[in-house]
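These notes are about the structure you will find just below.
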Amino acid sequence: MPEAADLTAAVTAYLKSDAALAALVGTRVFGGEMPPAETAQMPRKALVLRASGGVSLTAGSHAEHDTQRLDLFSFGETPH
């Protein structure tokens, strides 16, 4: 069976390339966790994507793919 694609890295790269999003958060789009250098600068706008758990939708089948989910955490300069 082929290795699963790294969904977190792919979506992070896609979001970093989006001009409208870059206008809001700059380059502060992170996969996995926010780097310590960034946490020291908080609060400011940022996005963090993390792999999420869940039940496999293809368990017990012969499908050569599976379910992948992401959680998206957004941060702002203020609570609003």
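FYI, nothing fancy with the structure tokens labels: chains A, B, ... in order, residues from 1 per chain, ligands from 1 as they appear.
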- request: Would you list the contacts of stretch 14-16 of chain A as a PyMOL selection string, taking every protein, DNA or RNA residue within 10 Å and counting only C-alpha atoms, but skipping same-chain residues closer than 3 positions in sequence?
  value: chain A and resi 8-11+19-22+25-30+47
So that I have them on file, write out the residues from the current selection with N, CA and C atoms, as a compact mmCIF listing (two decimals), in the first residue's frame.
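The resulting file, selection20.txt, is reproduced below:
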```
# COMPACT_ATOMS: atom_id res chain seq x y z
N THR A 8 -1.01 17.71 6.36
CA THR A 8 -0.70 18.93 7.11
C THR A 8 0.29 19.79 6.34
N ALA A 9 1.36 19.20 5.82
CA ALA A 9 2.37 19.95 5.07
C ALA A 9 1.79 20.51 3.78
N ALA A 10 0.96 19.74 3.10
CA ALA A 10 0.38 20.19 1.83
C ALA A 10 -0.57 21.38 2.04
N VAL A 11 -1.44 21.29 3.01
CA VAL A 11 -2.39 22.38 3.26
C VAL A 11 -1.67 23.61 3.81
N ALA A 19 -2.59 34.67 -1.45
CA ALA A 19 -2.31 36.10 -1.29
C ALA A 19 -3.24 36.77 -0.28
N ALA A 20 -4.51 36.43 -0.30
CA ALA A 20 -5.47 37.06 0.62
C ALA A 20 -5.14 36.69 2.08
N LEU A 21 -4.78 35.46 2.30
CA LEU A 21 -4.42 35.04 3.66
C LEU A 21 -3.11 35.67 4.09
N ALA A 22 -2.16 35.75 3.16
CA ALA A 22 -0.86 36.37 3.47
C ALA A 22 -1.04 37.84 3.86
N VAL A 25 -2.17 37.37 7.73
CA VAL A 25 -1.28 36.77 8.73
C VAL A 25 0.19 36.79 8.33
N GLY A 26 0.50 37.28 7.15
CA GLY A 26 1.89 37.26 6.69
C GLY A 26 2.35 35.84 6.45
N THR A 27 3.49 35.49 6.99
CA THR A 27 4.03 34.14 6.81
C THR A 27 3.77 33.25 8.02
N ARG A 28 2.92 33.71 8.92
CA ARG A 28 2.67 32.97 10.17
C ARG A 28 1.57 31.91 10.00
N VAL A 29 1.86 30.93 9.15
CA VAL A 29 1.02 29.75 8.96
C VAL A 29 1.91 28.56 9.27
N PHE A 30 1.53 27.77 10.27
CA PHE A 30 2.40 26.71 10.77
C PHE A 30 1.69 25.37 10.76
N LEU A 47 -1.96 31.22 12.05
CA LEU A 47 -2.73 29.99 11.88
C LEU A 47 -1.85 28.80 12.20
```
- request: Taking the DSSP assignment computed from this structure's backbone, write out as a PyMOL selection string all residues of chain A that belong to strand (DSSP E).
  value: chain A and resi 29-31+46-52+69-75
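Backbone DSSP of chain A yields alpha helix (DSSP H) at Leu7, Thr8, Ala9, Ala10, Val11, Thr12, Ala13, Tyr14, Leu15, Lys16, Ala19, Ala20, Leu21, Ala22, Ala23, Leu24, Val25, Pro36, Ala37, Glu38 and Thr39 of chain A.
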Selected residues written out with N, CA and C atoms, as an mmCIF file, in the first residue's frame:
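Saved to result_29.cif:
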```cif
data_model
loop_
_atom_site.group_PDB
_atom_site.id
_atom_site.type_symbol
_atom_site.label_atom_id
_atom_site.label_comp_id
_atom_site.auth_asym_id
_atom_site.auth_seq_id
_atom_site.Cartn_x
_atom_site.Cartn_y
_atom_site.Cartn_z
ATOM 1 N N LEU A 7 -0.824 15.470 4.654
ATOM 2 C CA LEU A 7 -1.885 16.454 4.455
ATOM 3 C C LEU A 7 -1.568 17.777 5.151
ATOM 4 N N THR A 8 -1.014 17.709 6.363
ATOM 5 C CA THR A 8 -0.698 18.930 7.108
ATOM 6 C C THR A 8 0.294 19.793 6.335
ATOM 7 N N ALA A 9 1.365 19.196 5.823
ATOM 8 C CA ALA A 9 2.371 19.950 5.067
ATOM 9 C C ALA A 9 1.790 20.513 3.780
ATOM 10 N N ALA A 10 0.958 19.738 3.097
ATOM 11 C CA ALA A 10 0.379 20.192 1.832
ATOM 12 C C ALA A 10 -0.566 21.379 2.036
ATOM 13 N N VAL A 11 -1.442 21.290 3.014
ATOM 14 C CA VAL A 11 -2.393 22.379 3.260
ATOM 15 C C VAL A 11 -1.668 23.607 3.805
ATOM 16 N N THR A 12 -0.663 23.408 4.647
ATOM 17 C CA THR A 12 0.127 24.537 5.147
ATOM 18 C C THR A 12 0.802 25.271 3.995
ATOM 19 N N ALA A 13 1.414 24.537 3.078
ATOM 20 C CA ALA A 13 2.066 25.158 1.917
ATOM 21 C C ALA A 13 1.057 25.896 1.051
ATOM 22 N N TYR A 14 -0.112 25.295 0.847
ATOM 23 C CA TYR A 14 -1.159 25.953 0.052
ATOM 24 C C TYR A 14 -1.607 27.264 0.702
ATOM 25 N N LEU A 15 -1.860 27.235 2.006
ATOM 26 C CA LEU A 15 -2.318 28.441 2.693
ATOM 27 C C LEU A 15 -1.250 29.530 2.693
ATOM 28 N N LYS A 16 0.012 29.144 2.809
ATOM 29 C CA LYS A 16 1.098 30.129 2.761
ATOM 30 C C LYS A 16 1.172 30.819 1.401
ATOM 31 N N ALA A 19 -2.591 34.672 -1.451
ATOM 32 C CA ALA A 19 -2.309 36.104 -1.294
ATOM 33 C C ALA A 19 -3.240 36.774 -0.284
ATOM 34 N N ALA A 20 -4.508 36.427 -0.300
ATOM 35 C CA ALA A 20 -5.466 37.056 0.623
ATOM 36 C C ALA A 20 -5.140 36.693 2.075
ATOM 37 N N LEU A 21 -4.781 35.457 2.301
ATOM 38 C CA LEU A 21 -4.420 35.038 3.655
ATOM 39 C C LEU A 21 -3.105 35.670 4.089
ATOM 40 N N ALA A 22 -2.157 35.747 3.164
ATOM 41 C CA ALA A 22 -0.858 36.374 3.472
ATOM 42 C C ALA A 22 -1.044 37.836 3.858
ATOM 43 N N ALA A 23 -2.028 38.492 3.279
ATOM 44 C CA ALA A 23 -2.304 39.889 3.637
ATOM 45 C C ALA A 23 -2.773 39.999 5.093
ATOM 46 N N LEU A 24 -3.376 38.946 5.609
ATOM 47 C CA LEU A 24 -3.865 38.962 6.994
ATOM 48 C C LEU A 24 -2.822 38.492 8.002
ATOM 49 N N VAL A 25 -2.170 37.366 7.729
ATOM 50 C CA VAL A 25 -1.276 36.772 8.728
ATOM 51 C C VAL A 25 0.190 36.788 8.327
ATOM 52 N N PRO A 36 8.581 28.090 19.058
ATOM 53 C CA PRO A 36 8.802 28.881 20.278
ATOM 54 C C PRO A 36 9.109 30.351 19.996
ATOM 55 N N ALA A 37 9.819 30.644 18.918
ATOM 56 C CA ALA A 37 10.120 32.041 18.586
ATOM 57 C C ALA A 37 8.845 32.831 18.304
ATOM 58 N N GLU A 38 7.834 32.170 17.767
ATOM 59 C CA GLU A 38 6.561 32.844 17.494
ATOM 60 C C GLU A 38 5.737 33.010 18.762
ATOM 61 N N THR A 39 5.745 32.018 19.633
ATOM 62 C CA THR A 39 4.935 32.126 20.847
ATOM 63 C C THR A 39 5.412 33.291 21.709
#
```
Would you kindly return, as a compact mmCIF listing (two decimals) with C-alpha atoms, in the first residue's frame, each protein, DNA or RNA residue with an atom no farther than 9 Å from any atom of A:Ser56, considering only C-alpha atoms and excluding same-chain residues fewer than 4 positions away?
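The file below, selection-v4.txt, is the result:
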```txt
# COMPACT_ATOMS: atom_id res chain seq x y z
CA ASP A 66 -7.99 6.55 4.22
CA THR A 67 -9.50 9.48 6.04
CA GLN A 68 -7.28 12.40 7.04
```
task: Would you mind telling me which residue in A:Thr58, A:Ser17, A:Arg44, A:Ala5 lies nearest to A:Thr78 when using only C-alpha atoms?
output: A:Arg44
